[in-house]
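S.K.: Structure supplied as my_file_13.cif; contents: mmCIF, C-alpha atoms and all ligand atoms.
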data_coords
#
loop_
_atom_site.group_PDB
_atom_site.id
_atom_site.type_symbol
_atom_site.label_atom_id
_atom_site.label_comp_id
_atom_site.auth_asym_id
_atom_site.auth_seq_id
_atom_site.Cartn_x
_atom_site.Cartn_y
_atom_site.Cartn_z
ATOM 1 C CA MET A 1 0.000 0.000 0.000
ATOM 2 C CA THR A 2 1.201 3.483 -0.873
ATOM 3 C CA PRO A 3 2.093 5.639 2.139
ATOM 4 C CA ARG A 4 0.302 8.690 0.721
ATOM 5 C CA ILE A 5 -2.445 9.802 -1.622
ATOM 6 C CA PHE A 6 -2.552 13.118 -3.468
ATOM 7 C CA LEU A 7 -5.993 14.459 -4.358
ATOM 8 C CA ILE A 8 -5.710 16.440 -7.560
ATOM 9 C CA GLY A 9 -8.125 18.524 -9.586
ATOM 10 C CA PHE A 10 -9.436 21.940 -10.474
ATOM 11 C CA MET A 11 -10.567 24.442 -7.828
ATOM 12 C CA GLY A 12 -13.980 23.351 -6.566
ATOM 13 C CA SER A 13 -13.552 19.696 -7.479
ATOM 14 C CA GLY A 14 -13.941 18.640 -3.831
ATOM 15 C CA LYS A 15 -10.330 17.797 -2.919
ATOM 16 C CA SER A 16 -10.507 19.284 0.594
ATOM 17 C CA ALA A 17 -14.059 18.055 1.228
ATOM 18 C CA LEU A 18 -13.215 14.470 0.241
ATOM 19 C CA ALA A 19 -9.871 14.290 2.031
ATOM 20 C CA GLN A 20 -11.391 14.064 5.516
ATOM 21 C CA PRO A 21 -13.935 11.239 4.952
ATOM 22 C CA LEU A 22 -11.382 9.339 2.907
ATOM 23 C CA ALA A 23 -8.793 9.653 5.681
ATOM 24 C CA GLU A 24 -11.375 8.418 8.192
ATOM 25 C CA CYS A 25 -11.998 5.320 6.045
ATOM 26 C CA LEU A 26 -8.286 4.564 5.904
ATOM 27 C CA ARG A 27 -7.502 5.816 9.424
ATOM 28 C CA TRP A 28 -4.962 8.130 7.928
ATOM 29 C CA ASP A 29 -4.102 11.821 8.483
ATOM 30 C CA VAL A 30 -5.014 14.732 6.243
ATOM 31 C CA VAL A 31 -2.816 17.581 5.074
ATOM 32 C CA ASP A 32 -4.417 20.411 3.120
ATOM 33 C CA MET A 33 -1.724 22.110 1.074
ATOM 34 C CA ASP A 34 -3.277 25.608 1.047
ATOM 35 C CA ASP A 35 -3.903 25.445 4.830
ATOM 36 C CA PHE A 36 -0.318 24.330 5.334
ATOM 37 C CA ILE A 37 0.975 27.260 3.245
ATOM 38 C CA GLU A 38 -1.260 29.714 5.102
ATOM 39 C CA LYS A 39 -0.120 28.505 8.536
ATOM 40 C CA LYS A 40 3.528 28.489 7.535
ATOM 41 C CA HIS A 41 3.467 31.977 6.017
ATOM 42 C CA LEU A 42 0.841 33.475 8.350
ATOM 43 C CA LYS A 43 -1.041 34.832 5.338
ATOM 44 C CA THR A 44 -4.011 33.663 3.307
ATOM 45 C CA VAL A 45 -3.414 32.350 -0.215
ATOM 46 C CA GLY A 46 -5.177 35.514 -1.446
ATOM 47 C CA GLN A 47 -2.760 37.727 0.487
ATOM 48 C CA LEU A 48 0.249 35.777 -0.813
ATOM 49 C CA PHE A 49 -0.951 36.216 -4.420
ATOM 50 C CA GLU A 50 -1.524 39.906 -3.804
ATOM 51 C CA LYS A 51 1.715 40.657 -1.942
ATOM 52 C CA LEU A 52 4.178 38.353 -3.715
ATOM 53 C CA GLY A 53 2.514 37.552 -7.051
ATOM 54 C CA GLU A 54 1.596 34.193 -8.547
ATOM 55 C CA ALA A 55 5.152 33.208 -9.570
ATOM 56 C CA LYS A 56 6.404 33.460 -5.986
ATOM 57 C CA PHE A 57 3.311 31.614 -4.723
ATOM 58 C CA ARG A 58 4.162 28.744 -7.101
ATOM 59 C CA GLU A 59 7.700 28.571 -5.648
ATOM 60 C CA ILE A 60 6.275 28.419 -2.126
ATOM 61 C CA GLU A 61 3.807 25.728 -3.241
ATOM 62 C CA CYS A 62 6.631 23.671 -4.753
ATOM 63 C CA SER A 63 8.774 23.808 -1.624
ATOM 64 C CA VAL A 64 5.772 22.973 0.574
ATOM 65 C CA LEU A 65 5.027 19.974 -1.656
ATOM 66 C CA GLU A 66 8.580 18.776 -1.082
ATOM 67 C CA GLU A 67 7.979 19.006 2.666
ATOM 68 C CA ILE A 68 4.503 17.460 2.891
ATOM 69 C CA SER A 69 5.162 14.689 0.429
ATOM 70 C CA GLN A 70 7.327 13.077 3.125
ATOM 71 C CA CYS A 71 4.270 12.510 5.375
ATOM 72 C CA GLU A 72 3.252 8.895 5.802
ATOM 73 C CA ASN A 73 -0.259 7.436 5.856
ATOM 74 C CA THR A 74 -1.604 10.772 4.739
ATOM 75 C CA ILE A 75 -4.179 12.101 2.304
ATOM 76 C CA ILE A 76 -2.784 15.281 0.777
ATOM 77 C CA SER A 77 -5.288 17.678 -0.680
ATOM 78 C CA THR A 78 -3.372 19.758 -3.245
ATOM 79 C CA GLY A 79 -4.008 23.244 -4.662
ATOM 80 C CA GLY A 80 -5.639 23.197 -8.115
ATOM 81 C CA GLY A 81 -2.570 24.599 -9.886
ATOM 82 C CA CYS A 82 0.046 22.561 -8.042
ATOM 83 C CA PRO A 83 0.415 19.657 -10.561
ATOM 84 C CA CYS A 84 0.989 22.116 -13.421
ATOM 85 C CA PHE A 85 4.146 23.871 -12.194
ATOM 86 C CA PHE A 86 7.782 22.741 -12.009
ATOM 87 C CA ASP A 87 8.137 18.952 -11.624
ATOM 88 C CA ASN A 88 5.342 18.789 -9.073
ATOM 89 C CA MET A 89 3.276 16.177 -10.915
ATOM 90 C CA GLN A 90 6.326 13.945 -11.293
ATOM 91 C CA THR A 91 7.158 14.350 -7.585
ATOM 92 C CA MET A 92 3.644 13.291 -6.607
ATOM 93 C CA LEU A 93 3.544 10.337 -9.011
ATOM 94 C CA LEU A 94 6.826 9.067 -7.596
ATOM 95 C CA ARG A 95 5.878 9.524 -3.958
ATOM 96 C CA GLY A 96 2.319 8.256 -3.873
ATOM 97 C CA VAL A 97 -0.920 7.628 -5.687
ATOM 98 C CA CYS A 98 -2.441 10.627 -7.451
ATOM 99 C CA ILE A 99 -6.217 10.689 -7.754
ATOM 100 C CA TYR A 100 -7.723 13.132 -10.228
ATOM 101 C CA LEU A 101 -11.221 14.266 -9.214
ATOM 102 C CA LYS A 102 -12.673 15.023 -12.613
ATOM 103 C CA LEU A 103 -15.671 17.321 -13.118
ATOM 104 C CA SER A 104 -17.242 19.026 -16.122
ATOM 105 C CA VAL A 105 -16.665 22.728 -16.857
ATOM 106 C CA GLU A 106 -20.376 23.375 -16.206
ATOM 107 C CA GLU A 107 -20.356 21.689 -12.780
ATOM 108 C CA LEU A 108 -17.141 23.464 -11.772
ATOM 109 C CA THR A 109 -18.626 26.808 -12.817
ATOM 110 C CA LYS A 110 -21.760 26.133 -10.765
ATOM 111 C CA ARG A 111 -19.707 25.288 -7.697
ATOM 112 C CA LEU A 112 -17.178 28.093 -8.074
ATOM 113 C CA LEU A 113 -19.830 30.768 -8.527
ATOM 114 C CA LYS A 114 -20.651 30.116 -4.871
ATOM 115 C CA SER A 115 -17.065 30.287 -3.608
ATOM 116 C CA HIS A 116 -15.071 32.540 -5.904
ATOM 117 C CA ILE A 117 -14.480 35.365 -3.415
ATOM 118 C CA ASP A 118 -11.747 33.489 -1.537
ATOM 119 C CA ARG A 119 -9.943 32.399 -4.681
ATOM 120 C CA PRO A 120 -7.564 34.956 -6.209
ATOM 121 C CA LEU A 121 -7.599 33.519 -9.743
ATOM 122 C CA ILE A 122 -11.361 33.760 -10.156
ATOM 123 C CA ARG A 123 -12.407 36.578 -7.836
ATOM 124 C CA GLY A 124 -14.723 39.163 -9.404
ATOM 125 C CA ARG A 125 -15.550 37.248 -12.613
ATOM 126 C CA SER A 126 -19.091 37.122 -13.936
ATOM 127 C CA GLU A 127 -20.717 33.724 -14.627
ATOM 128 C CA GLU A 128 -19.868 33.903 -18.341
ATOM 129 C CA GLU A 129 -16.254 35.011 -17.654
ATOM 130 C CA LEU A 130 -15.891 32.260 -15.101
ATOM 131 C CA LEU A 131 -17.140 29.622 -17.551
ATOM 132 C CA GLN A 132 -14.661 30.797 -20.216
ATOM 133 C CA PHE A 133 -11.813 30.945 -17.706
ATOM 134 C CA ILE A 134 -12.493 27.424 -16.405
ATOM 135 C CA ARG A 135 -12.857 26.009 -19.927
ATOM 136 C CA GLN A 136 -9.477 27.432 -20.978
ATOM 137 C CA LYS A 137 -7.588 26.653 -17.761
ATOM 138 C CA LEU A 138 -8.953 23.123 -17.577
ATOM 139 C CA GLU A 139 -7.805 22.473 -21.137
ATOM 140 C CA GLU A 140 -4.285 23.648 -20.172
ATOM 141 C CA ARG A 141 -4.293 21.616 -16.977
ATOM 142 C CA GLU A 142 -5.877 18.352 -18.160
ATOM 143 C CA PRO A 143 -2.595 16.979 -19.557
ATOM 144 C CA PHE A 144 -1.112 17.228 -16.054
ATOM 145 C CA TYR A 145 -4.141 16.043 -14.097
ATOM 146 C CA SER A 146 -4.642 13.100 -16.468
ATOM 147 C CA GLN A 147 -1.254 11.622 -15.606
ATOM 148 C CA SER A 148 -2.783 10.542 -12.272
ATOM 149 C CA GLN A 149 -2.796 6.828 -11.546
ATOM 150 C CA LEU A 150 -6.522 7.010 -10.794
ATOM 151 C CA ILE A 151 -9.120 9.201 -12.469
ATOM 152 C CA ILE A 152 -12.511 9.480 -10.795
ATOM 153 C CA ASP A 153 -15.432 10.906 -12.748
ATOM 154 C CA CYS A 154 -17.202 12.866 -10.002
ATOM 155 C CA ASN A 155 -20.084 14.222 -12.114
ATOM 156 C CA GLY A 156 -23.480 13.508 -10.573
ATOM 157 C CA LYS A 157 -22.039 11.537 -7.643
ATOM 158 C CA SER A 158 -22.453 12.215 -3.936
ATOM 159 C CA LYS A 159 -19.509 12.623 -1.575
ATOM 160 C CA THR A 160 -20.230 9.186 -0.065
ATOM 161 C CA GLU A 161 -20.356 7.517 -3.494
ATOM 162 C CA ILE A 162 -17.047 9.078 -4.490
ATOM 163 C CA VAL A 163 -15.352 8.072 -1.218
ATOM 164 C CA GLU A 164 -16.599 4.478 -1.642
ATOM 165 C CA GLU A 165 -15.419 4.380 -5.254
ATOM 166 C CA ILE A 166 -11.961 5.691 -4.320
ATOM 167 C CA PHE A 167 -11.708 3.277 -1.401
ATOM 168 C CA LYS A 168 -12.542 0.305 -3.648
ATOM 169 C CA LYS A 169 -10.148 1.438 -6.365
ATOM 170 C CA ILE A 170 -7.190 2.077 -4.103
ATOM 171 C CA THR A 171 -7.532 -1.266 -2.383
ATOM 172 C CA THR A 172 -7.602 -2.960 -5.812
ATOM 173 C CA PHE A 173 -4.698 -0.768 -6.892
ATOM 174 C CA ALA A 174 -2.696 -1.838 -3.816
ATOM 175 C CA GLU A 175 -3.210 -5.528 -4.663
ATOM 176 C CA LYS A 176 -1.659 -5.162 -8.139
HETATM 177 C C1 LIG B 201 -5.280 27.570 -7.301
HETATM 178 C C2 LIG B 201 -6.091 26.817 -6.505
HETATM 179 C C3 LIG B 201 -6.290 27.098 -5.080
HETATM 180 C C4 LIG B 201 -5.077 27.824 -4.500
HETATM 181 C C5 LIG B 201 -4.742 29.032 -5.310
HETATM 182 C C6 LIG B 201 -4.451 28.693 -6.773
HETATM 183 C C7 LIG B 201 -5.173 27.233 -8.750
HETATM 184 O O1 LIG B 201 -6.506 25.885 -4.363
HETATM 185 O O2 LIG B 201 -3.963 26.968 -4.406
HETATM 186 O O3 LIG B 201 -5.828 29.915 -5.216
HETATM 187 O O4 LIG B 201 -4.224 27.689 -9.404
HETATM 188 O O5 LIG B 201 -6.046 26.497 -9.250
HETATM 189 P P1 LIG B 201 -7.890 25.033 -4.462
HETATM 190 O O6 LIG B 201 -7.810 24.174 -5.665
HETATM 191 O O7 LIG B 201 -7.883 24.236 -3.201
HETATM 192 O O8 LIG B 201 -9.005 26.020 -4.521
#
What's the structure tokens form of this structure?
M.R.:
Amino acid sequence: MTPRIFLIGFMGSGKSALAQPLAECLRWDVVDMDDFIEKKHLKTVGQLFEKLGEAKFREIECSVLEEISQCENTIISTGGGCPCFFDNMQTMLLRGVCIYLKLSVEELTKRLLKSHIDRPLIRGRSEEELLQFIRQKLEEREPFYSQSQLIIDCNGKSKTEIVEEIFKKITTFAEK
């Protein structure tokens, strides 16, 4: 069995929300990458983007990944952009099992319309702008996300159904 699982996917795909129930199933710990960054730097992700810029945030994210990817028996909920910068995707593939939580552009837009204030990349966009932004960004990011060892289609599924599906798949994966 792998010592760690990385939950990967676009903003709003449910990485943080699924990490906890999944960890409970496995009796593992949870590390949320954005929370970890915020505690370490005593600033919110929004403040870090604003004060230091995105490029610097990506450097911080990369060094934090290096640190947290040493944790054992841990579900790591990653930031949506993390797999797409530096060698981060490679690092995660080598150190654990990556699970891509896949959702349609329409579903992501619906979810992110409700929670875009806290997210610097999408703050202040109208519904139409948000849809266009997600469509374009997802197209850029898919080639990274899709390298994951497991891809879970989350469209139309409840949290419980997704957790059960992941649990079944990782136990099968561990037997191979
Ligand atoms: C980002 C996603 C965010 C956060 C930052 C950048 C991205 O994390 O790391 O705002 O580039 O997609 P969530 O995916 O947890 O919202």
S.K.: Carefully work through the PyMOL selection byres (((not hetatm)) within 7 of (chain B and resi 201)) for this structure and note down the residues it includes, as number ranges by chain.
M.R.: A: 9-12, 15-16, 34, 45-46, 78-82, 119-121
S.K.: Could you list, as a ChimeraX atom specification, every residue within 10 Å of range 131-143 of chain A, counting only C-alpha atoms and ignoring same-chain residues fewer than 3 positions away?
M.R.: /A:9-11,80-85,100,102-110,112-113,121-122,125-128,146-148
S.K.: Calculate how many Å separate CA of Ile8 in chain A from CA of Ile151 in chain A, rounding to one decimal.
M.R.: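 CA of Ile8 in chain A sits 9.4 Å away from CA of Ile151 in chain A.
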S.K.: With the PyMOL selection byres (((chain A and resi 30) around 7) and not hetatm) as the selection, what would be picked from this file? Answer as number ranges by chain, please.
M.R.: A: 19-20, 23, 28-29, 31-32, 74-76
S.K.: For the file shown, report as a ChimeraX atom specification the outcome of the PyMOL selection byres (((chain A and resi 92) around 12) and not hetatm) at residue level.
M.R.: /A:2-8,62,65-70,75-78,82-91,93-100,144-145,147-149
S.K.: For Phe57 in chain A, which residue out of A:Leu26, A:Cys154, A:His41, A:Ile166 is the nearest one, using all atoms listed in the file?
M.R.: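 Closest to Phe57 in chain A of all the choices is A:His41.
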S.K.: Any idea what the distance is between CA of Ile60 in chain A and CA of Gln47 in chain A?
M.R.: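 Distance between the two atoms: 13.2 Å.
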S.K.: Between CA of Leu48 in chain A and CA of Glu61 in chain A, what is the distance in Å, rounded to a tenth?
M.R.: 10.9 Å
S.K.: To test the calculation: enclose all listed atoms of range 31-41 of chain A in a box whose edges run along x, y and z, add 6 Å on each side, then state centre and edge lengths in Å to one decimal, as AutoDock Vina command-line options.
M.R.:
--center_x -0.4 --center_y 24.8 --center_z 4.8 --size_x 19.9 --size_y 26.4 --size_z 19.5
